[in-house]
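Everything on this sheet refers to the single structure shown next.
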Protein chains: 2
Amino acid sequence: MKALASKTPSSSEDIVVRLTDAVHEHRILPGMKLNEDEVGEIFGVGRTVVRQALRAMAHGGLVSIERNRGAFVARPSIKEAREVFEARALLEPQTARAAAERASAQDVALLETHIEKEHAALAADEAGRALNLSGLFHVEIARISDQATIEAFIRQLVSRSSLVIALYWQRRTALCESQAHHALLEAFRSNDSDLAEELMKGHLVDLVSQLNLREVPAATQSLRDALIR
Amino acid sequence: MKALASKTPSSSEDIVVRLTDAVHEHRILPGMKLNEDEVGEIFGVGRTVVRQALRAMAHGGLVSIERNRGAFVARPSIKEAREVFEARALLEPQTARAAAERASAQDVALLETHIEKEHAALAADEAGRALNLSGLFHVEIARISDQATIEAFIRQLVSRSSLVIALYWQRRTALCESQAHHALLEAFRSNDSDLAEELMKGHLVDLVSQLNLREVPAATQSLRDALIR
DNA sequence: TGAGCATCGATTGTATACGATTTTTGGGTG
DNA sequence: CACCCAAAAATCGTATACAATCGATGCTCA
């Protein structure tokens, strides 16, 4: 993490957004230390604001704060990983159903551009960015369902899913996603709620099936990782 | 709120617990201002710690923070109120099912004492405390289901339900609850997951039906409220 | 040589000080 | 008498300073 030192003394919320994006795009990996002074210098703010941001992210499950030791990007255990996807399985199919009922042409168009951006990112070999957009697709569906409370939950679960994927993903190809999202898009376009619910359920099962939830990956300490590489 | 000034310089987490409990028991009502200096003096800590606690509660939806204006106990809108119970309807029946499958004799005993405490509180005319225990009953079920992630969501939803009830409850009698909880207890005792799921679903419908989600109540300013009383 | 321990450095936890913004109050005017 | 504007008080936002804690390095001793 080098000093980008943006001139704007960003607010706490900005820092949350930028750090969260970095985690979602796997530019910051699970277990990485988030030093308060360092982050503060990068964004040009004092530690007070950084601490607010880190605690906010801790509430979302994205970082874990250990007393007197600092903040680290969270490393979900296997159990947590399962739980995240069980929760998603509980919330998202129903949400997709509701969204399919309410989806307007505008909503569908928005989802479409989302998928296009995802493709573009993949084509540009920006896997992290594609993954982030892929997650936002799910959040967008929650937004369409017009259930702000559930949307917040799903947003958090998608967020944590990024960590799970960073730790437990098996293959490097992320192509599989687009097919499922395309199918969902068509279900929304035709307001087929039954189909949307079913597709979402299957999609989540697919996602879990591509995880290796047996062994915990080695703690990729930045130094060792750098030396081996 | 008078200065109880506990000697122990409580940590942020303690303050969250105590404030949260007070809200759950309706000792602090929606809309009430939570002054940082005041809270700090009450608990014997500086504003830094208080701010941490308030922001933590804000993340849980229990207080809303308005920039340069301070923290207030949240006043869920009618839409939010509906959303909270829709989310509960989505999460809790399945959770009750899972809990019924896993419930041990020990778990059932714990739930039983919970109900007893609730009764005792009602007998002692402590409606707020009874309500709090009633909410914890639901959280306890989530704990039994051994899904920490979903438990956290349910905990938050139950919390916000306290606010909804404070604002939109119609009757003053809370007796109805105990019947439903008793029935659930028996379902857990016999590990009848189908029944548990069905009972929970019905219980939540009952709860919503006792709310008046048509008109927003007048903003009960603390002073005016005190003078009228 | 390896384990145990003390001291040092680095990092976080908390309080406090100062500037910014909002709210209130008081007086003046139509 | 109501309304509106200005000055003052209260309150929040952020940075900084100091205290507390943890981890590491290097030393001692068996």
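Ordering of the structure tokens sets the chain letters (A, B, ...); residue numbers start at 1 within each chain; ligands are numbered from 1 in the order shown.
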Original post:
Could you name the residues that touch region 20-29 of chain C at 8 Å or less, counting only C-alpha atoms (C1' of nucleotides), but leaving out those on the same chain fewer than 2 positions away, as a PyMOL selection string?
Top reply: (chain B and resi 68-69) or (chain D and resi 8-13)
Could the residues in this selection be saved with N, CA and C atoms (P, O5', C5', C4', C3', O3' and C1' of nucleotides) as a CSV table (one decimal), in the first residue's frame?
chain,number,residue,atom,x,y,z
B,68,ASN,N,-23.5,17.0,12.9
B,68,ASN,CA,-23.5,18.2,13.6
B,68,ASN,C,-24.8,18.4,14.5
B,69,ARG,N,-25.6,17.4,14.6
B,69,ARG,CA,-26.8,17.5,15.5
B,69,ARG,C,-26.8,16.5,16.6
D,8,DA,P,-22.0,38.5,21.7
D,8,DA,O5',-22.5,37.2,22.5
D,8,DA,C5',-23.8,37.3,23.2
D,8,DA,C4',-24.2,35.9,23.6
D,8,DA,C3',-23.1,35.0,24.2
D,8,DA,O3',-23.7,34.2,25.3
D,8,DA,C1',-24.1,33.9,22.3
D,9,DA,P,-22.7,33.6,26.4
D,9,DA,O5',-23.3,32.1,26.5
D,9,DA,C5',-24.7,32.0,26.4
D,9,DA,C4',-25.0,30.6,25.9
D,9,DA,C3',-24.2,29.5,26.4
D,9,DA,O3',-25.0,28.5,27.0
D,9,DA,C1',-24.3,29.3,24.0
D,10,DA,P,-24.3,27.2,27.8
D,10,DA,O5',-24.6,26.1,26.8
D,10,DA,C5',-25.9,26.0,26.2
D,10,DA,C4',-25.8,25.0,25.0
D,10,DA,C3',-25.1,23.7,25.3
D,10,DA,O3',-26.0,22.6,24.9
D,10,DA,C1',-24.2,24.6,23.3
D,11,DT,P,-25.7,21.1,25.3
D,11,DT,O5',-25.1,20.5,24.0
D,11,DT,C5',-25.8,20.5,22.8
D,11,DT,C4',-24.9,20.2,21.6
D,11,DT,C3',-24.0,19.0,21.9
D,11,DT,O3',-24.4,17.9,21.0
D,11,DT,C1',-22.9,20.7,20.8
D,12,DC,P,-23.6,16.5,21.1
D,12,DC,O5',-22.9,16.5,19.7
D,12,DC,C5',-23.6,16.8,18.5
D,12,DC,C4',-22.7,17.2,17.4
D,12,DC,C3',-21.7,16.1,17.0
D,12,DC,O3',-21.7,16.0,15.6
D,12,DC,C1',-20.5,18.1,17.5
D,13,DG,P,-20.7,14.8,14.9
D,13,DG,O5',-19.4,15.7,14.5
D,13,DG,C5',-19.4,16.4,13.3
D,13,DG,C4',-17.9,16.7,12.8
D,13,DG,C3',-17.0,15.5,12.6
D,13,DG,O3',-16.2,15.7,11.5
D,13,DG,C1',-16.1,16.9,14.3
Hey, which bits of chain A sit within 10 Å of chain C, and for each residue what's the closest pair of atoms and how far apart in Å (one decimal), counting only C-alpha atoms (C1' of nucleotides), rows by chain and increasing number, as JSON lines?
{"residue": "A:Asn35", "atom": "CA", "partner": "C:DT11", "partner_atom": "C1'", "distance": 8.4}
{"residue": "A:Glu36", "atom": "CA", "partner": "C:DT11", "partner_atom": "C1'", "distance": 8.6}
{"residue": "A:Asp37", "atom": "CA", "partner": "C:DT11", "partner_atom": "C1'", "distance": 9.0}
{"residue": "A:Glu66", "atom": "CA", "partner": "C:DT12", "partner_atom": "C1'", "distance": 9.8}
{"residue": "A:Arg67", "atom": "CA", "partner": "C:DT12", "partner_atom": "C1'", "distance": 7.7}
{"residue": "A:Asn68", "atom": "CA", "partner": "C:DT12", "partner_atom": "C1'", "distance": 4.9}
{"residue": "A:Arg69", "atom": "CA", "partner": "C:DT12", "partner_atom": "C1'", "distance": 6.6}
{"residue": "A:Gly70", "atom": "CA", "partner": "C:DT12", "partner_atom": "C1'", "distance": 6.5}
{"residue": "A:Ala71", "atom": "CA", "partner": "C:DT12", "partner_atom": "C1'", "distance": 9.8}
Write out as JSON lines the residues of chain A that have any atom within 7 Å of an atom of chain B, one row each with the nearest atom pair and its distance in Å to one decimal, counting only C-alpha atoms, sorted by chain and then rising number.
{"residue": "A:Glu83", "atom": "CA", "partner": "B:Thr149", "partner_atom": "CA", "distance": 6.1}
{"residue": "A:Val84", "atom": "CA", "partner": "B:Thr149", "partner_atom": "CA", "distance": 6.6}
{"residue": "A:Ala87", "atom": "CA", "partner": "B:Ile150", "partner_atom": "CA", "distance": 6.2}
{"residue": "A:Leu90", "atom": "CA", "partner": "B:Leu91", "partner_atom": "CA", "distance": 6.8}
{"residue": "A:Leu91", "atom": "CA", "partner": "B:Leu90", "partner_atom": "CA", "distance": 6.8}
{"residue": "A:Gln147", "atom": "CA", "partner": "B:Glu83", "partner_atom": "CA", "distance": 6.2}
{"residue": "A:Thr149", "atom": "CA", "partner": "B:Glu83", "partner_atom": "CA", "distance": 6.1}
{"residue": "A:Ile150", "atom": "CA", "partner": "B:Ala87", "partner_atom": "CA", "distance": 6.2}
Chain A least-squares fitted onto chain B over all paired Cα atoms, as an mmCIF file with C-alpha atoms, in the first residue's frame:
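The result, stored in result.cif:
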data_model
loop_
_atom_site.group_PDB
_atom_site.id
_atom_site.type_symbol
_atom_site.label_atom_id
_atom_site.label_comp_id
_atom_site.auth_asym_id
_atom_site.auth_seq_id
_atom_site.Cartn_x
_atom_site.Cartn_y
_atom_site.Cartn_z
ATOM 1 C CA MET A 1 -31.644 10.383 32.805
ATOM 2 C CA LYS A 2 -29.960 11.063 36.086
ATOM 3 C CA ALA A 3 -26.301 10.686 36.930
ATOM 4 C CA LEU A 4 -25.916 7.129 38.100
ATOM 5 C CA ALA A 5 -22.174 7.681 37.776
ATOM 6 C CA SER A 6 -21.021 4.101 38.064
ATOM 7 C CA LYS A 7 -17.501 4.090 39.402
ATOM 8 C CA THR A 8 -16.186 1.623 36.864
ATOM 9 C CA PRO A 9 -14.968 3.490 33.788
ATOM 10 C CA SER A 10 -16.971 1.203 31.541
ATOM 11 C CA SER A 11 -15.715 0.311 28.106
ATOM 12 C CA SER A 12 -17.498 1.157 24.904
ATOM 13 C CA GLU A 13 -19.069 -2.285 24.752
ATOM 14 C CA ASP A 14 -20.503 -1.902 28.240
ATOM 15 C CA ILE A 15 -22.116 1.353 27.307
ATOM 16 C CA VAL A 16 -23.648 -0.221 24.234
ATOM 17 C CA VAL A 17 -25.107 -3.003 26.351
ATOM 18 C CA ARG A 18 -26.524 -0.697 28.984
ATOM 19 C CA LEU A 19 -27.969 1.784 26.527
ATOM 20 C CA THR A 20 -29.335 -0.999 24.367
ATOM 21 C CA ASP A 21 -31.011 -2.604 27.342
ATOM 22 C CA ALA A 22 -32.520 0.707 28.326
ATOM 23 C CA VAL A 23 -33.974 1.088 24.848
ATOM 24 C CA HIS A 24 -35.249 -2.477 24.799
ATOM 25 C CA GLU A 25 -36.998 -1.922 28.105
ATOM 26 C CA HIS A 26 -38.494 1.309 26.836
ATOM 27 C CA ARG A 27 -36.775 3.295 29.506
ATOM 28 C CA ILE A 28 -35.376 5.379 26.685
ATOM 29 C CA LEU A 29 -37.877 6.160 23.967
ATOM 30 C CA PRO A 30 -37.500 6.723 20.227
ATOM 31 C CA GLY A 31 -36.506 10.254 19.336
ATOM 32 C CA MET A 32 -34.734 10.947 22.595
ATOM 33 C CA LYS A 33 -31.508 12.871 22.283
ATOM 34 C CA LEU A 34 -28.389 11.123 23.466
ATOM 35 C CA ASN A 35 -26.048 13.896 24.402
ATOM 36 C CA GLU A 36 -22.420 12.840 24.299
ATOM 37 C CA ASP A 37 -21.306 14.781 27.348
ATOM 38 C CA GLU A 38 -24.305 13.644 29.334
ATOM 39 C CA VAL A 39 -23.853 9.968 28.513
ATOM 40 C CA GLY A 40 -20.148 10.303 29.148
ATOM 41 C CA GLU A 41 -20.713 11.755 32.582
ATOM 42 C CA ILE A 42 -23.247 9.074 33.460
ATOM 43 C CA PHE A 43 -20.866 6.271 32.658
ATOM 44 C CA GLY A 44 -17.732 8.055 33.751
ATOM 45 C CA VAL A 45 -15.906 8.045 30.418
ATOM 46 C CA GLY A 46 -14.807 10.604 27.893
ATOM 47 C CA ARG A 47 -16.670 11.493 24.774
ATOM 48 C CA THR A 48 -14.399 9.314 22.665
ATOM 49 C CA VAL A 49 -15.781 6.136 24.161
ATOM 50 C CA VAL A 50 -19.336 7.417 24.067
ATOM 51 C CA ARG A 51 -19.004 8.216 20.411
ATOM 52 C CA GLN A 52 -17.775 4.720 19.697
ATOM 53 C CA ALA A 53 -20.757 3.277 21.503
ATOM 54 C CA LEU A 54 -23.234 5.524 19.734
ATOM 55 C CA ARG A 55 -21.790 4.759 16.334
ATOM 56 C CA ALA A 56 -21.939 1.059 17.094
ATOM 57 C CA MET A 57 -25.588 1.385 17.982
ATOM 58 C CA ALA A 58 -26.158 3.426 14.852
ATOM 59 C CA HIS A 59 -24.815 0.519 12.814
ATOM 60 C CA GLY A 60 -27.368 -1.686 14.509
ATOM 61 C CA GLY A 61 -30.129 0.743 13.586
ATOM 62 C CA LEU A 62 -30.940 1.587 17.175
ATOM 63 C CA VAL A 63 -29.809 5.187 17.056
ATOM 64 C CA SER A 64 -29.585 7.582 14.175
ATOM 65 C CA ILE A 65 -26.740 10.047 13.993
ATOM 66 C CA GLU A 66 -27.339 13.351 12.271
ATOM 67 C CA ARG A 67 -24.256 15.235 11.306
ATOM 68 C CA ASN A 68 -23.458 18.122 13.604
ATOM 69 C CA ARG A 69 -26.682 17.483 15.463
ATOM 70 C CA GLY A 70 -25.943 14.423 17.466
ATOM 71 C CA ALA A 71 -27.340 10.998 18.208
ATOM 72 C CA PHE A 72 -30.989 10.195 18.763
ATOM 73 C CA VAL A 73 -32.797 6.990 19.520
ATOM 74 C CA ALA A 74 -34.053 5.935 16.119
ATOM 75 C CA ARG A 75 -37.682 6.470 15.125
ATOM 76 C CA PRO A 76 -38.404 3.834 12.490
ATOM 77 C CA SER A 77 -40.802 5.018 9.816
ATOM 78 C CA ILE A 78 -43.811 2.930 8.968
ATOM 79 C CA LYS A 79 -41.973 1.581 5.963
ATOM 80 C CA GLU A 80 -39.003 0.614 8.100
ATOM 81 C CA ALA A 81 -41.325 -1.017 10.598
ATOM 82 C CA ARG A 82 -42.855 -3.156 7.891
ATOM 83 C CA GLU A 83 -39.442 -4.018 6.519
ATOM 84 C CA VAL A 84 -38.173 -5.160 9.877
ATOM 85 C CA PHE A 85 -41.004 -7.604 10.258
ATOM 86 C CA GLU A 86 -40.787 -8.756 6.658
ATOM 87 C CA ALA A 87 -37.148 -9.539 7.244
ATOM 88 C CA ARG A 88 -38.028 -11.386 10.412
ATOM 89 C CA ALA A 89 -40.677 -13.330 8.532
ATOM 90 C CA LEU A 90 -38.000 -14.323 6.056
ATOM 91 C CA LEU A 91 -35.396 -15.379 8.594
ATOM 92 C CA GLU A 92 -37.051 -16.585 11.751
ATOM 93 C CA PRO A 93 -39.348 -19.406 10.655
ATOM 94 C CA GLN A 94 -36.511 -21.238 8.945
ATOM 95 C CA THR A 95 -34.297 -20.514 11.910
ATOM 96 C CA ALA A 96 -36.899 -21.916 14.279
ATOM 97 C CA ARG A 97 -37.023 -25.021 12.137
ATOM 98 C CA ALA A 98 -33.272 -25.485 12.317
ATOM 99 C CA ALA A 99 -33.309 -24.811 16.032
ATOM 100 C CA ALA A 100 -36.042 -27.367 16.617
ATOM 101 C CA GLU A 101 -33.894 -29.983 14.916
ATOM 102 C CA ARG A 102 -30.884 -29.211 17.048
ATOM 103 C CA ALA A 103 -32.489 -28.273 20.368
ATOM 104 C CA SER A 104 -31.048 -30.250 23.260
ATOM 105 C CA ALA A 105 -32.730 -30.786 26.612
ATOM 106 C CA GLN A 106 -30.437 -28.121 27.981
ATOM 107 C CA ASP A 107 -31.524 -25.657 25.318
ATOM 108 C CA VAL A 108 -35.168 -26.325 26.099
ATOM 109 C CA ALA A 109 -34.527 -25.823 29.791
ATOM 110 C CA LEU A 110 -32.866 -22.518 29.074
ATOM 111 C CA LEU A 111 -35.813 -21.372 26.990
ATOM 112 C CA GLU A 112 -38.113 -22.443 29.789
ATOM 113 C CA THR A 113 -36.367 -20.336 32.392
ATOM 114 C CA HIS A 114 -36.509 -17.510 29.895
ATOM 115 C CA ILE A 115 -40.265 -17.736 29.741
ATOM 116 C CA GLU A 116 -40.471 -17.933 33.507
ATOM 117 C CA LYS A 117 -38.420 -14.793 33.890
ATOM 118 C CA GLU A 118 -40.712 -13.118 31.398
ATOM 119 C CA HIS A 119 -43.721 -14.106 33.461
ATOM 120 C CA ALA A 120 -42.077 -12.918 36.628
ATOM 121 C CA ALA A 121 -41.371 -9.558 35.052
ATOM 122 C CA LEU A 122 -44.967 -9.240 33.952
ATOM 123 C CA ALA A 123 -46.167 -10.165 37.414
ATOM 124 C CA ALA A 124 -43.914 -7.482 38.847
ATOM 125 C CA ASP A 125 -45.504 -5.028 36.456
ATOM 126 C CA GLU A 126 -42.231 -4.479 34.628
ATOM 127 C CA ALA A 127 -43.629 -4.451 31.123
ATOM 128 C CA GLY A 128 -40.425 -3.126 29.603
ATOM 129 C CA ARG A 129 -38.336 -5.843 31.111
ATOM 130 C CA ALA A 130 -40.827 -8.457 29.980
ATOM 131 C CA LEU A 131 -40.670 -7.123 26.455
ATOM 132 C CA ASN A 132 -36.898 -7.284 26.493
ATOM 133 C CA LEU A 133 -36.940 -10.882 27.651
ATOM 134 C CA SER A 134 -39.536 -11.677 25.051
ATOM 135 C CA GLY A 135 -37.163 -10.431 22.402
ATOM 136 C CA LEU A 136 -34.276 -12.370 23.852
ATOM 137 C CA PHE A 137 -36.369 -15.498 23.499
ATOM 138 C CA HIS A 138 -36.211 -15.065 19.744
ATOM 139 C CA VAL A 139 -32.496 -14.403 19.858
ATOM 140 C CA GLU A 140 -32.008 -17.513 21.943
ATOM 141 C CA ILE A 141 -33.732 -19.573 19.293
ATOM 142 C CA ALA A 142 -31.346 -18.179 16.726
ATOM 143 C CA ARG A 143 -28.443 -19.137 18.955
ATOM 144 C CA ILE A 144 -29.712 -22.689 19.197
ATOM 145 C CA SER A 145 -29.799 -22.901 15.432
ATOM 146 C CA ASP A 146 -26.028 -22.400 15.532
ATOM 147 C CA GLN A 147 -25.968 -19.845 12.756
ATOM 148 C CA ALA A 148 -23.999 -16.959 14.165
ATOM 149 C CA THR A 149 -24.439 -14.803 11.088
ATOM 150 C CA ILE A 150 -28.211 -15.161 11.001
ATOM 151 C CA GLU A 151 -28.295 -14.775 14.765
ATOM 152 C CA ALA A 152 -26.632 -11.399 14.426
ATOM 153 C CA PHE A 153 -29.250 -10.323 11.917
ATOM 154 C CA ILE A 154 -32.093 -11.519 14.087
ATOM 155 C CA ARG A 155 -30.583 -9.813 17.094
ATOM 156 C CA GLN A 156 -30.587 -6.575 15.173
ATOM 157 C CA LEU A 157 -34.123 -7.070 13.927
ATOM 158 C CA VAL A 158 -35.424 -7.872 17.395
ATOM 159 C CA SER A 159 -33.667 -4.779 18.620
ATOM 160 C CA ARG A 160 -35.324 -2.605 16.050
ATOM 161 C CA SER A 161 -38.618 -4.308 16.776
ATOM 162 C CA SER A 162 -38.435 -2.821 20.244
ATOM 163 C CA LEU A 163 -38.459 0.611 18.662
ATOM 164 C CA VAL A 164 -41.318 -0.314 16.382
ATOM 165 C CA ILE A 165 -43.319 -1.596 19.322
ATOM 166 C CA ALA A 166 -42.601 1.543 21.301
ATOM 167 C CA LEU A 167 -43.965 3.616 18.442
ATOM 168 C CA TYR A 168 -46.754 1.567 16.921
ATOM 169 C CA TRP A 169 -48.051 -0.843 19.555
ATOM 170 C CA GLN A 170 -51.808 -0.645 20.013
ATOM 171 C CA ARG A 171 -52.757 -2.405 23.207
ATOM 172 C CA ARG A 172 -50.973 -2.213 26.463
ATOM 173 C CA THR A 173 -51.456 -5.881 27.277
ATOM 174 C CA ALA A 174 -48.499 -7.984 26.307
ATOM 175 C CA LEU A 175 -49.941 -11.239 27.569
ATOM 176 C CA CYS A 176 -50.531 -12.637 24.128
ATOM 177 C CA GLU A 177 -46.827 -13.276 23.716
ATOM 178 C CA SER A 178 -46.435 -15.917 26.342
ATOM 179 C CA GLN A 179 -48.930 -18.251 24.709
ATOM 180 C CA ALA A 180 -46.991 -18.273 21.469
ATOM 181 C CA HIS A 181 -43.677 -18.726 23.206
ATOM 182 C CA HIS A 182 -45.051 -21.579 25.233
ATOM 183 C CA ALA A 183 -46.265 -23.323 22.123
ATOM 184 C CA LEU A 184 -42.870 -22.842 20.511
ATOM 185 C CA LEU A 185 -41.199 -24.260 23.583
ATOM 186 C CA GLU A 186 -43.204 -27.447 23.288
ATOM 187 C CA ALA A 187 -42.341 -27.759 19.637
ATOM 188 C CA PHE A 188 -38.669 -27.518 20.531
ATOM 189 C CA ARG A 189 -39.050 -30.022 23.308
ATOM 190 C CA SER A 190 -40.406 -32.593 20.882
ATOM 191 C CA ASN A 191 -38.010 -31.546 18.113
ATOM 192 C CA ASP A 192 -40.964 -30.924 15.833
ATOM 193 C CA SER A 193 -39.357 -28.732 13.203
ATOM 194 C CA ASP A 194 -42.414 -28.438 10.968
ATOM 195 C CA LEU A 195 -44.487 -27.239 13.880
ATOM 196 C CA ALA A 196 -41.811 -24.854 15.102
ATOM 197 C CA GLU A 197 -41.543 -23.231 11.694
ATOM 198 C CA GLU A 198 -45.285 -22.882 11.411
ATOM 199 C CA LEU A 199 -45.681 -21.514 14.928
ATOM 200 C CA MET A 200 -42.975 -18.947 14.394
ATOM 201 C CA LYS A 201 -44.527 -17.821 11.150
ATOM 202 C CA GLY A 202 -47.877 -17.374 12.860
ATOM 203 C CA HIS A 203 -46.335 -15.683 15.839
ATOM 204 C CA LEU A 204 -44.724 -13.034 13.677
ATOM 205 C CA VAL A 205 -47.971 -12.436 11.809
ATOM 206 C CA ASP A 206 -49.700 -11.989 15.154
ATOM 207 C CA LEU A 207 -47.114 -9.485 16.242
ATOM 208 C CA VAL A 208 -47.505 -7.366 13.130
ATOM 209 C CA SER A 209 -51.264 -7.512 13.384
ATOM 210 C CA GLN A 210 -51.089 -5.860 16.767
ATOM 211 C CA LEU A 211 -49.259 -2.872 15.373
ATOM 212 C CA ASN A 212 -50.956 0.221 14.081
ATOM 213 C CA LEU A 213 -48.924 0.930 10.969
ATOM 214 C CA ARG A 214 -51.178 3.659 9.642
ATOM 215 C CA GLU A 215 -50.378 6.798 11.559
ATOM 216 C CA VAL A 216 -47.057 7.982 12.851
ATOM 217 C CA PRO A 217 -47.219 8.813 16.541
ATOM 218 C CA ALA A 218 -46.513 12.347 17.672
ATOM 219 C CA ALA A 219 -42.921 13.086 18.494
ATOM 220 C CA THR A 220 -42.946 12.600 22.223
ATOM 221 C CA GLN A 221 -40.640 15.391 23.181
ATOM 222 C CA SER A 222 -39.498 14.828 26.695
ATOM 223 C CA LEU A 223 -40.540 18.269 27.905
ATOM 224 C CA ARG A 224 -44.040 18.337 26.504
ATOM 225 C CA ASP A 225 -44.557 14.791 27.636
ATOM 226 C CA ALA A 226 -43.492 15.745 31.125
ATOM 227 C CA LEU A 227 -45.760 18.801 31.245
ATOM 228 C CA ILE A 228 -48.858 16.983 30.038
ATOM 229 C CA ARG A 229 -48.213 14.257 32.499
#
Subject >> Contact set, chain D to chain A: 8 Å, only C-alpha atoms (C1' of nucleotides), as a count of residues only >> reply: 4
